[in-house]
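Heads up, the thing below is written out as structure tokens.
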Amino acid sequence: MAAPFPGTGKIWMNGSLVDWADANIHIASHVIHYGSGVFEGARCYDTPRGSACFRLDAHLNRLFDSAKIYRMEPQLSYAELHKAVMDTIKANDFKACYIRPLVYRGYHTLGVNPFPCPVDTAIMLWDWGTYLGQDALTNGVDVRVSSWSRAAPNTFPTLAKTSANYANSSLIKMEAVAEGYSEGIALDTLGYLSEGSGQNLFLVRNNVIYTPPVTASILPGITRDSVLAIARDHGFTVREEMLPREMLYIADEAFFVGTAVEITPIKSVDKITVGNGRRGPITEAIQQSFFDIINGRVPDKHGWLEYVYDGEPRETVGAGKGARAQR
Ligand SMILES: Cc1ncc(COP(=O)(O)O)c(C=O)c1O
């Protein structure tokens with residue numbers, strides 16, 4: 001069972017840092033009733049050079065894309081939002097944390113038309129360890145193919161990371177957990193592989209790496225994009241293509257990728273063992289490179305790390321807390 005929030009620290013709301021306990025919105029806010037919010041999930045890591053956000057620019061750009069798809073105009077610019085994230089990390093004295101910016105339709109009226117409602121913004125941070133457990137990173141997880149499909153094209157846009165899409169994710173996750181699995185893998189409405197409830201999917205067969213394309217109702221993950229780059233750095237052949245369900249059963253290796261799960265091997269699907277049931281060599285190589293980058297152990301050749309306290313001595317911003325264990 002996940003640990004509850006400690007209930008302390010500061011949350012950024014529409015330009016002010018407020019105490020966690022006071023970060024409330026009215027029950028009549030549009031987002032609560034109609035899922036009219038878009039959000040991001042990024043991570044800040046504790047590296048030898050100090051705290052570093054992983055690809056925060058890509059996450060914030062996706063947030064603005066999500067808002068655009070939903071005809072929302074955030075009341076602040078990219079630069080202002082970026083500064084607000086950094087200020088919130090410093091105000092909370094975090095060394096490492098999960099970053100959750102949220103742009104949502106607030107309090108005005110409750111017609112389905114969201115336009116009269118203000119577009120509000122909040123940024124919350126918390127210490128979020130390994131999403132599926134430390135053991136999962138090494139030994140992998142057991143998953144099932146969900147009986148729920150991802151949204152069909154031209155229904156709920158999956159390129160937007162919107163609160164509404166997570167109703168579908170919750171159904172996938174609850175079904176999996178209720179039946180003793182760690183996760184579910186959803187198909188798209190044509191029956192092709194799509195993604196997990198909150199993570200993208202990769203398969204390996206005969207030394208070729210496969211992942212479903214953006215047309216398979218996936219969220220285009222930042223980790224997915226990073227893994228594609230890392231795989232190419234290693235010289236692996238990578239294919240983004242529509243994949244039939246049964247590829248899961250005959251894959252040599254399978255793994256999830258995402259900000260929350262990072263890179264987590266899949267050891268079985270529908271009780272069919274994937275490969276030899278252990279983390280495969282390609283999964284391990286990519287996982288190792290990913291963790292080396294995020295933990296600052298190798299040169300950041302892609303420019304993915306953004307240091308929070310660069311130019312500022314850490315003592316002036318506190319000793320820090322929430323440091324994640326080094327892997
Ligand atoms: C549905 C879904 N797919 C994929 C991902 C992975 O995206 P990212 O790597 O940007 O975290 C997430 C995580 O946010 C997600 O919720």
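Chain labels follow the order of the structure tokens: the first chain is A, the next B, and so on; residue numbering restarts at 1 in every chain, and ligands are counted from 1 in their shown order.
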Close residues to ligand 1 using only C-alpha atoms and all ligand atoms, limit 6 Å, as a ChimeraX atom specification = /A:41,197-200,219,221-224,258-259
Pick out the residues sitting within 10 Å of Gly275 (chain A), and hand them over as a PyMOL selection string; count only C-alpha atoms, and ignore anything fewer than 4 positions along from it in its own chain.
-> chain A and resi 204-205+248-254+266-268+279-280
DSSP on the backbone: what in region 70-316 of chain A comes out strand (DSSP E), as a ChimeraX atom specification?
-> /A:97-105,119-126,141-149,183-187,193-196,200-205,208-211,237-240,253-258,262-269,272-273,305-307
Skipping near chain neighbours, those fewer than 5 positions away, what residues fall within 9 Å of Ser226 (chain A) using only C-alpha atoms, listed as number ranges by chain?
-> A: 221, 231, 290, 304
Compile the contact shell of region 45-56 of chain A as a tab-separated table (two decimals) with N, CA and C atoms, in the first residue's frame: residues with an atom at most 9 Å away, counting only C-alpha atoms, same-chain residues fewer than 4 positions apart removed.
```tsv
chain	number	residue	atom	x	y	z
A	60	LEU	N	7.19	20.26	-19.64
A	60	LEU	CA	6.41	21.50	-19.66
A	60	LEU	C	5.87	21.78	-21.06
A	61	ASN	N	6.65	21.42	-22.07
A	61	ASN	CA	6.14	21.58	-23.43
A	61	ASN	C	4.92	20.69	-23.66
A	82	HIS	N	8.22	27.42	-15.66
A	82	HIS	CA	9.50	26.78	-15.38
A	82	HIS	C	10.11	27.33	-14.09
A	94	PHE	N	13.69	20.25	-1.32
A	94	PHE	CA	13.82	18.86	-1.77
A	94	PHE	C	15.15	18.65	-2.49
A	95	LYS	N	15.75	17.50	-2.24
A	95	LYS	CA	16.89	17.08	-3.06
A	95	LYS	C	16.38	16.32	-4.28
A	96	ALA	N	15.42	15.46	-4.01
A	96	ALA	CA	14.82	14.65	-5.08
A	96	ALA	C	13.32	14.61	-4.84
A	97	CYS	N	12.54	14.65	-5.90
A	97	CYS	CA	11.09	14.63	-5.71
A	97	CYS	C	10.40	14.33	-7.04
A	98	TYR	N	9.12	14.04	-6.92
A	98	TYR	CA	8.23	13.93	-8.08
A	98	TYR	C	7.56	15.30	-8.25
A	99	ILE	N	7.40	15.74	-9.48
A	99	ILE	CA	6.91	17.10	-9.77
A	99	ILE	C	5.57	16.99	-10.50
A	222	ILE	N	7.82	10.86	-22.28
A	222	ILE	CA	9.17	11.46	-22.32
A	222	ILE	C	10.20	10.35	-22.07
A	294	ILE	N	20.34	9.52	-15.11
A	294	ILE	CA	19.53	10.28	-14.14
A	294	ILE	C	20.26	10.46	-12.81
A	295	ASN	N	21.17	9.55	-12.51
A	295	ASN	CA	21.91	9.70	-11.26
A	295	ASN	C	23.23	10.44	-11.46
A	296	GLY	N	23.43	10.98	-12.67
A	296	GLY	CA	24.60	11.82	-12.93
A	296	GLY	C	25.92	11.06	-12.91
A	297	ARG	N	25.87	9.75	-13.21
A	297	ARG	CA	27.10	8.95	-13.14
A	297	ARG	C	27.87	8.94	-14.46
A	303	GLY	N	21.85	16.30	-22.78
A	303	GLY	CA	21.41	17.53	-22.12
A	303	GLY	C	20.06	17.38	-21.45
A	304	TRP	N	19.85	16.25	-20.79
A	304	TRP	CA	18.54	15.97	-20.19
A	304	TRP	C	18.40	16.45	-18.75
A	305	LEU	N	19.54	16.73	-18.10
A	305	LEU	CA	19.47	17.12	-16.68
A	305	LEU	C	19.54	18.63	-16.55
A	306	GLU	N	18.67	19.15	-15.70
A	306	GLU	CA	18.66	20.59	-15.45
A	306	GLU	C	18.84	20.79	-13.95
A	307	TYR	N	19.94	21.42	-13.58
A	307	TYR	CA	20.28	21.51	-12.16
A	307	TYR	C	19.49	22.61	-11.48
A	308	VAL	N	18.91	22.27	-10.35
A	308	VAL	CA	18.02	23.19	-9.64
A	308	VAL	C	18.80	24.28	-8.94
A	309	TYR	N	19.92	23.90	-8.33
A	309	TYR	CA	20.64	24.85	-7.48
A	309	TYR	C	21.92	25.34	-8.15
A	310	ASP	N	22.02	25.20	-9.49
A	310	ASP	CA	23.23	25.63	-10.18
A	310	ASP	C	23.54	27.08	-9.84
A	314	ARG	N	24.21	25.13	-1.93
A	314	ARG	CA	23.06	24.43	-1.35
A	314	ARG	C	22.76	24.87	0.07
A	323	ALA	N	15.80	12.76	-0.33
A	323	ALA	CA	16.79	12.18	-1.25
A	323	ALA	C	16.41	10.74	-1.54
A	324	ARG	N	16.50	10.34	-2.80
A	324	ARG	CA	16.19	8.96	-3.14
A	324	ARG	C	17.46	8.13	-3.05
A	325	ALA	N	17.26	6.89	-2.72
A	325	ALA	CA	18.41	6.00	-2.63
A	325	ALA	C	19.07	5.92	-4.01
A	326	GLN	N	20.39	5.90	-4.01
A	326	GLN	CA	21.11	5.72	-5.27
A	326	GLN	C	21.00	4.28	-5.70
```
